[in-house]
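Content type PDB, C-alpha atoms, pLDDT in the B column, from the file work.pdb:
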ATOM      1  CA  MET A   1     -50.706 -36.830  58.295  1.00 74.00           C
ATOM      2  CA  VAL A   2     -51.301 -33.382  59.762  1.00 72.00           C
ATOM      3  CA  ARG A   3     -47.809 -33.415  61.303  1.00 80.00           C
ATOM      4  CA  LEU A   4     -46.252 -34.415  57.971  1.00 77.00           C
ATOM      5  CA  LEU A   5     -47.954 -31.518  56.214  1.00 75.00           C
ATOM      6  CA  GLN A   6     -47.035 -29.083  58.980  1.00 76.00           C
ATOM      7  CA  ASP A   7     -43.414 -30.266  58.910  1.00 79.00           C
ATOM      8  CA  ALA A   8     -43.452 -29.545  55.176  1.00 76.00           C
ATOM      9  CA  GLY A   9     -44.659 -26.017  55.915  1.00 76.00           C
ATOM     10  CA  ILE A  10     -48.222 -26.578  54.753  1.00 75.00           C
ATOM     11  CA  SER A  11     -50.947 -25.213  56.955  1.00 74.00           C
ATOM     12  CA  ILE A  12     -53.865 -27.556  57.482  1.00 70.00           C
ATOM     13  CA  TYR A  13     -56.088 -24.521  57.023  1.00 70.00           C
ATOM     14  CA  SER A  14     -55.040 -24.435  53.379  1.00 69.00           C
ATOM     15  CA  LEU A  15     -56.737 -27.817  52.983  1.00 67.00           C
ATOM     16  CA  THR A  16     -60.162 -26.819  54.241  1.00 65.00           C
ATOM     17  CA  ARG A  17     -62.857 -26.072  51.721  1.00 63.00           C
ATOM     18  CA  ASN A  18     -65.330 -24.482  54.084  1.00 62.00           C
ATOM     19  CA  GLU A  19     -65.464 -22.364  57.199  1.00 60.00           C
ATOM     20  CA  ARG A  20     -65.586 -25.219  59.721  1.00 67.00           C
ATOM     21  CA  PRO A  21     -62.285 -26.406  61.208  1.00 72.00           C
ATOM     22  CA  LEU A  22     -61.167 -29.807  59.923  1.00 71.00           C
ATOM     23  CA  PHE A  23     -61.431 -31.538  63.275  1.00 75.00           C
ATOM     24  CA  ASP A  24     -64.966 -30.255  63.815  1.00 79.00           C
ATOM     25  CA  GLU A  25     -65.876 -31.872  60.497  1.00 79.00           C
ATOM     26  CA  LEU A  26     -64.224 -35.125  61.563  1.00 80.00           C
ATOM     27  CA  LEU A  27     -66.109 -35.217  64.840  1.00 85.00           C
ATOM     28  CA  GLN A  28     -69.410 -34.996  62.985  1.00 86.00           C
ATOM     29  CA  LEU A  29     -68.752 -38.291  61.166  1.00 88.00           C
ATOM     30  CA  HIS A  30     -70.081 -41.585  62.522  1.00 90.00           C
ATOM     31  CA  THR A  31     -69.208 -44.469  60.188  1.00 93.00           C
ATOM     32  CA  VAL A  32     -65.830 -45.886  59.289  1.00 94.00           C
ATOM     33  CA  ARG A  33     -66.603 -45.400  55.603  1.00 94.00           C
ATOM     34  CA  ASP A  34     -67.418 -41.709  56.152  1.00 92.00           C
ATOM     35  CA  ILE A  35     -64.250 -41.205  58.197  1.00 91.00           C
ATOM     36  CA  GLU A  36     -62.083 -42.928  55.554  1.00 92.00           C
ATOM     37  CA  ALA A  37     -63.658 -40.857  52.799  1.00 91.00           C
ATOM     38  CA  TRP A  38     -63.160 -37.690  54.832  1.00 84.00           C
ATOM     39  CA  PHE A  39     -59.465 -38.443  55.457  1.00 85.00           C
ATOM     40  CA  SER A  40     -58.908 -39.221  51.811  1.00 89.00           C
ATOM     41  CA  GLY A  41     -60.800 -36.223  50.481  1.00 86.00           C
ATOM     42  CA  GLN A  42     -59.830 -33.631  53.096  1.00 80.00           C
ATOM     43  CA  LEU A  43     -56.261 -34.540  54.044  1.00 80.00           C
ATOM     44  CA  VAL A  44     -54.566 -37.168  51.924  1.00 87.00           C
ATOM     45  CA  GLU A  45     -55.423 -36.118  48.362  1.00 88.00           C
ATOM     46  CA  PRO A  46     -55.176 -32.334  48.897  1.00 84.00           C
ATOM     47  CA  GLY A  47     -52.015 -32.834  50.971  1.00 83.00           C
ATOM     48  CA  ILE A  48     -50.360 -34.902  48.266  1.00 87.00           C
ATOM     49  CA  THR A  49     -51.349 -32.322  45.649  1.00 87.00           C
ATOM     50  CA  LEU A  50     -49.832 -29.484  47.690  1.00 84.00           C
ATOM     51  CA  LEU A  51     -46.642 -31.475  48.350  1.00 86.00           C
ATOM     52  CA  GLU A  52     -46.294 -32.267  44.635  1.00 88.00           C
ATOM     53  CA  GLN A  53     -46.802 -28.608  43.704  1.00 88.00           C
ATOM     54  CA  ARG A  54     -44.178 -27.569  46.228  1.00 86.00           C
ATOM     55  CA  ARG A  55     -41.730 -30.182  44.922  1.00 87.00           C
ATOM     56  CA  GLU A  56     -42.288 -29.104  41.304  1.00 91.00           C
ATOM     57  CA  LYS A  57     -41.688 -25.479  42.231  1.00 91.00           C
ATOM     58  CA  GLN A  58     -38.524 -26.425  44.125  1.00 91.00           C
ATOM     59  CA  PHE A  59     -37.274 -28.480  41.156  1.00 93.00           C
ATOM     60  CA  ARG A  60     -37.888 -25.567  38.763  1.00 95.00           C
ATOM     61  CA  THR A  61     -36.132 -23.175  41.134  1.00 94.00           C
ATOM     62  CA  ILE A  62     -33.104 -25.454  41.462  1.00 96.00           C
ATOM     63  CA  SER A  63     -32.840 -25.975  37.701  1.00 96.00           C
ATOM     64  CA  GLU A  64     -33.182 -22.264  36.983  1.00 97.00           C
ATOM     65  CA  GLU A  65     -30.490 -21.493  39.550  1.00 97.00           C
ATOM     66  CA  VAL A  66     -28.111 -24.026  37.957  1.00 97.00           C
ATOM     67  CA  LYS A  67     -28.828 -22.538  34.514  1.00 97.00           C
ATOM     68  CA  ARG A  68     -28.148 -19.057  35.887  1.00 97.00           C
ATOM     69  CA  LEU A  69     -24.823 -20.197  37.342  1.00 97.00           C
ATOM     70  CA  ILE A  70     -23.865 -21.739  34.000  1.00 97.00           C
ATOM     71  CA  ALA A  71     -24.804 -18.565  32.120  1.00 97.00           C
ATOM     72  CA  GLU A  72     -22.744 -16.427  34.502  1.00 96.00           C
ATOM     73  CA  GLU A  73     -19.766 -18.746  34.974  1.00 95.00           C
ATOM     74  CA  PHE A  74     -19.508 -20.902  31.844  1.00 94.00           C
ATOM     75  CA  ASP A  75     -15.972 -19.661  31.367  1.00 93.00           C
ATOM     76  CA  THR A  76     -14.774 -21.005  34.742  1.00 94.00           C
ATOM     77  CA  ASP A  77     -14.162 -24.526  35.993  1.00 91.00           C
ATOM     78  CA  LEU A  78     -17.807 -24.838  37.024  1.00 93.00           C
ATOM     79  CA  THR A  79     -18.520 -28.392  38.122  1.00 95.00           C
ATOM     80  CA  LEU A  80     -21.739 -29.937  39.334  1.00 96.00           C
ATOM     81  CA  GLU A  81     -20.189 -30.120  42.793  1.00 96.00           C
ATOM     82  CA  LYS A  82     -19.433 -26.395  42.777  1.00 96.00           C
ATOM     83  CA  CYS A  83     -22.986 -25.597  41.653  1.00 95.00           C
ATOM     84  CA  ALA A  84     -24.401 -27.828  44.360  1.00 96.00           C
ATOM     85  CA  ALA A  85     -22.255 -26.172  47.027  1.00 95.00           C
ATOM     86  CA  ARG A  86     -23.329 -22.711  45.846  1.00 94.00           C
ATOM     87  CA  ILE A  87     -27.031 -23.509  46.154  1.00 95.00           C
ATOM     88  CA  ASN A  88     -26.659 -25.767  49.206  1.00 95.00           C
ATOM     89  CA  TYR A  89     -27.848 -29.111  47.859  1.00 95.00           C
ATOM     90  CA  HIS A  90     -26.147 -32.466  47.396  1.00 96.00           C
ATOM     91  CA  PRO A  91     -24.627 -32.944  43.903  1.00 96.00           C
ATOM     92  CA  GLN A  92     -26.546 -36.183  43.274  1.00 97.00           C
ATOM     93  CA  TYR A  93     -29.815 -34.449  44.121  1.00 96.00           C
ATOM     94  CA  ILE A  94     -28.969 -31.533  41.823  1.00 96.00           C
ATOM     95  CA  SER A  95     -28.056 -33.974  39.073  1.00 96.00           C
ATOM     96  CA  ARG A  96     -31.330 -35.870  39.353  1.00 96.00           C
ATOM     97  CA  VAL A  97     -33.472 -32.728  39.586  1.00 96.00           C
ATOM     98  CA  PHE A  98     -31.674 -30.980  36.717  1.00 97.00           C
ATOM     99  CA  ARG A  99     -32.010 -33.983  34.424  1.00 96.00           C
ATOM    100  CA  GLN A 100     -35.677 -34.406  35.319  1.00 95.00           C
ATOM    101  CA  GLU A 101     -36.446 -30.736  34.672  1.00 95.00           C
ATOM    102  CA  THR A 102     -34.353 -30.184  31.539  1.00 95.00           C
ATOM    103  CA  GLY A 103     -34.188 -33.638  29.971  1.00 96.00           C
ATOM    104  CA  ILE A 104     -30.403 -33.344  29.750  1.00 96.00           C
ATOM    105  CA  ASN A 105     -27.652 -33.955  32.280  1.00 96.00           C
ATOM    106  CA  TYR A 106     -25.531 -31.171  33.737  1.00 97.00           C
ATOM    107  CA  VAL A 107     -22.341 -31.966  31.815  1.00 95.00           C
ATOM    108  CA  ASP A 108     -24.129 -32.106  28.455  1.00 96.00           C
ATOM    109  CA  TYR A 109     -26.032 -28.883  29.192  1.00 97.00           C
ATOM    110  CA  LEU A 110     -22.808 -27.075  30.102  1.00 96.00           C
ATOM    111  CA  ALA A 111     -21.058 -28.404  26.987  1.00 94.00           C
ATOM    112  CA  GLN A 112     -23.990 -27.327  24.792  1.00 96.00           C
ATOM    113  CA  TYR A 113     -24.046 -23.887  26.411  1.00 97.00           C
ATOM    114  CA  ARG A 114     -20.315 -23.479  25.789  1.00 96.00           C
ATOM    115  CA  LEU A 115     -20.763 -24.662  22.200  1.00 97.00           C
ATOM    116  CA  ASP A 116     -23.447 -22.020  21.644  1.00 97.00           C
ATOM    117  CA  VAL A 117     -21.113 -19.370  23.076  1.00 97.00           C
ATOM    118  CA  ALA A 118     -18.292 -20.603  20.834  1.00 97.00           C
ATOM    119  CA  LYS A 119     -20.519 -20.335  17.758  1.00 97.00           C
ATOM    120  CA  ARG A 120     -21.531 -16.797  18.747  1.00 97.00           C
ATOM    121  CA  TRP A 121     -17.883 -15.813  19.261  1.00 97.00           C
ATOM    122  CA  LEU A 122     -16.924 -17.370  15.924  1.00 96.00           C
ATOM    123  CA  ARG A 123     -19.619 -15.327  14.178  1.00 95.00           C
ATOM    124  CA  GLU A 124     -19.220 -12.042  16.059  1.00 96.00           C
ATOM    125  CA  THR A 125     -15.544 -11.747  17.005  1.00 95.00           C
ATOM    126  CA  ASP A 126     -12.127 -12.266  15.501  1.00 94.00           C
ATOM    127  CA  MET A 127     -10.902 -14.372  18.462  1.00 95.00           C
ATOM    128  CA  THR A 128      -8.768 -17.293  17.388  1.00 95.00           C
ATOM    129  CA  VAL A 129     -10.023 -20.851  17.807  1.00 96.00           C
ATOM    130  CA  THR A 130      -7.233 -21.376  20.352  1.00 96.00           C
ATOM    131  CA  ASP A 131      -8.387 -18.356  22.374  1.00 96.00           C
ATOM    132  CA  ILE A 132     -12.008 -19.539  22.277  1.00 97.00           C
ATOM    133  CA  ALA A 133     -10.997 -23.029  23.394  1.00 96.00           C
ATOM    134  CA  GLY A 134      -8.992 -21.560  26.264  1.00 95.00           C
ATOM    135  CA  LYS A 135     -11.776 -19.231  27.399  1.00 94.00           C
ATOM    136  CA  LEU A 136     -14.225 -22.158  27.358  1.00 95.00           C
ATOM    137  CA  LYS A 137     -11.899 -24.216  29.583  1.00 91.00           C
ATOM    138  CA  TYR A 138     -10.826 -26.838  27.067  1.00 91.00           C
ATOM    139  CA  ASN A 139      -7.480 -28.356  28.054  1.00 88.00           C
ATOM    140  CA  ASN A 140      -6.233 -28.042  24.511  1.00 92.00           C
ATOM    141  CA  PRO A 141      -7.628 -26.631  21.262  1.00 94.00           C
ATOM    142  CA  ALA A 142      -7.659 -30.062  19.574  1.00 96.00           C
ATOM    143  CA  ASN A 143     -10.270 -31.306  22.067  1.00 95.00           C
ATOM    144  CA  PHE A 144     -12.404 -28.256  21.354  1.00 95.00           C
ATOM    145  CA  ILE A 145     -12.090 -28.695  17.587  1.00 96.00           C
ATOM    146  CA  ARG A 146     -12.905 -32.412  17.864  1.00 95.00           C
ATOM    147  CA  TYR A 147     -16.017 -31.739  19.980  1.00 95.00           C
ATOM    148  CA  PHE A 148     -17.124 -28.883  17.718  1.00 96.00           C
ATOM    149  CA  ARG A 149     -16.776 -31.090  14.622  1.00 96.00           C
ATOM    150  CA  LYS A 150     -18.679 -33.918  16.309  1.00 96.00           C
ATOM    151  CA  MET A 151     -21.565 -31.642  17.254  1.00 96.00           C
ATOM    152  CA  GLU A 152     -21.687 -29.332  14.224  1.00 96.00           C
ATOM    153  CA  GLY A 153     -20.346 -31.515  11.425  1.00 96.00           C
ATOM    154  CA  MET A 154     -17.569 -29.028  10.651  1.00 96.00           C
ATOM    155  CA  THR A 155     -14.549 -27.486  12.317  1.00 96.00           C
ATOM    156  CA  PRO A 156     -14.743 -24.092  14.024  1.00 97.00           C
ATOM    157  CA  GLY A 157     -12.748 -22.600  11.154  1.00 94.00           C
ATOM    158  CA  GLN A 158     -15.201 -23.951   8.602  1.00 95.00           C
ATOM    159  CA  PHE A 159     -18.097 -22.663  10.711  1.00 95.00           C
ATOM    160  CA  ARG A 160     -16.542 -19.198  10.813  1.00 92.00           C
ATOM    161  CA  GLY A 161     -16.077 -19.273   7.043  1.00 89.00           C
ATOM    162  CA  LYS A 162     -19.775 -19.979   6.529  1.00 86.00           C
ATOM    163  CA  ALA A 163     -20.987 -17.444   9.102  1.00 71.00           C
TER     164      ALA A 163
END

Could I get this structure in the form of structure tokens?
Amino acid sequence: MVRLLQDAGISIYSLTRNERPLFDELLQLHTVRDIEAWFSGQLVEPGITLLEQRREKQFRTISEEVKRLIAEEFDTDLTLEKCAARINYHPQYISRVFRQETGINYVDYLAQYRLDVAKRWLRETDMTVTDIAGKLKYNNPANFIRYFRKMEGMTPGQFRGKA
């Protein structure tokens, strides 16, 4: 157990609640029940808690990094595989972590982000729908219009007219 925690970068000294070294405490115990309780209370439970905290922090960091990449490169051919390569993790791991942290998968998040950008551009610029579709990496404007209508209940042109 100590080796597992050390391999994870957790010092066993972070588990101790008092000034005595852990092994000195262990050597003071005499019954199997006391030793089991000591292992559970001093190593297992605190170790699991620290490992879970570390994992949660890592998951948040990964998700925030993917979101940052999307915000900076939404107008490129940014795939999950490219994101994973940029932050040095396997795409399946990134996919699972991102979905767990955000509640939405990578492709849907990217599409929603691009939709939000499209709506902002429709409100704030005079770019044509074709230009917006091209900048957001849609293969043709009809696909963009179809997706926009599906998500917003109106075409981009109608949205611009209401904005």

Exercise. Hey, what comes out of the PyMOL selection byres ((chain A and resi 119) around 12) on this file? Could you write it as an NGL selection string?
Worked result: :A and (112-118 or 120-127 or 129 or 132-133 or 136 or 144-145 or 148-149 or 151-152 or 154-163)

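What separates atom CA of A:Gln42 from atom CA of A:Gly9 is a distance of 17.2 Å.
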
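Of the listed residues A:Arg146, A:Arg96, A:Lys135, A:Lys67, the one whose atoms come nearest to A:Cys83 is A:Lys67, with distances taken using all atoms listed in the file.
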
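Rounded to one decimal, atom CA of A:Asn140 and atom CA of A:Tyr109 lie 20.4 Å from each other.
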
Exercise. So how far away is atom CA of A:Glu56 from atom CA of A:Glu81, in Å?
Worked result: 22.2 Å

Which centre and which edge lengths, in Å to one decimal, describe the axis-aligned box that holds all listed atoms of stretch 72-81 of chain A after 8 Å is added on each side, as JSON?
{"center_x": -18.5, "center_y": -23.3, "center_z": 37.1, "size_x": 24.6, "size_y": 29.7, "size_z": 27.4}

For this session: Name the residues that the PyMOL selection byres ((chain A and resi 108) around 12) pulls out of this structure, and write them as an NGL selection string.
Result: :A and (70 or 79-80 or 95 or 98-99 or 102-107 or 109-115 or 147 or 151)

Write a file of the just-selected residues containing C-alpha atoms, as a PDB file, in the coordinates of the input.
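Output contents, as saved in out26.pdb:
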ATOM      1  CA  ILE A  70     -23.865 -21.739  34.000  1.00 97.00           C
ATOM      2  CA  THR A  79     -18.520 -28.392  38.122  1.00 95.00           C
ATOM      3  CA  LEU A  80     -21.739 -29.937  39.334  1.00 96.00           C
ATOM      4  CA  SER A  95     -28.056 -33.974  39.073  1.00 96.00           C
ATOM      5  CA  PHE A  98     -31.674 -30.980  36.717  1.00 97.00           C
ATOM      6  CA  ARG A  99     -32.010 -33.983  34.424  1.00 96.00           C
ATOM      7  CA  THR A 102     -34.353 -30.184  31.539  1.00 95.00           C
ATOM      8  CA  GLY A 103     -34.188 -33.638  29.971  1.00 96.00           C
ATOM      9  CA  ILE A 104     -30.403 -33.344  29.750  1.00 96.00           C
ATOM     10  CA  ASN A 105     -27.652 -33.955  32.280  1.00 96.00           C
ATOM     11  CA  TYR A 106     -25.531 -31.171  33.737  1.00 97.00           C
ATOM     12  CA  VAL A 107     -22.341 -31.966  31.815  1.00 95.00           C
ATOM     13  CA  TYR A 109     -26.032 -28.883  29.192  1.00 97.00           C
ATOM     14  CA  LEU A 110     -22.808 -27.075  30.102  1.00 96.00           C
ATOM     15  CA  ALA A 111     -21.058 -28.404  26.987  1.00 94.00           C
ATOM     16  CA  GLN A 112     -23.990 -27.327  24.792  1.00 96.00           C
ATOM     17  CA  TYR A 113     -24.046 -23.887  26.411  1.00 97.00           C
ATOM     18  CA  ARG A 114     -20.315 -23.479  25.789  1.00 96.00           C
ATOM     19  CA  LEU A 115     -20.763 -24.662  22.200  1.00 97.00           C
ATOM     20  CA  TYR A 147     -16.017 -31.739  19.980  1.00 95.00           C
ATOM     21  CA  MET A 151     -21.565 -31.642  17.254  1.00 96.00           C
TER      22      MET A 151
END

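Between A:Phe23 and the residues A:Val2, A:Ile10, A:Leu78, A:Ile94, the shortest atom-to-atom distance, using only C-alpha atoms, involves A:Val2.
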
Residues of stretch 41-124 of chain A at most 12 Å from stretch 32-36 of chain A: nearest atom pair and distance in Å, only C-alpha atoms, as a Markdown table:
| residue | atom | partner | partner_atom | distance |
| --- | --- | --- | --- | --- |
| A:Gly41 | CA | A:Glu36 | CA | 8.5 |
| A:Gln42 | CA | A:Glu36 | CA | 9.9 |
| A:Leu43 | CA | A:Glu36 | CA | 10.3 |
| A:Val44 | CA | A:Glu36 | CA | 10.1 |
| A:Glu45 | CA | A:Glu36 | CA | 11.9 |

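Among the candidate residues A:Gln58, A:Gln53, A:Asn143, A:Thr128, the one lying nearest to A:Tyr93 is A:Gln58, with distances computed using only C-alpha atoms.
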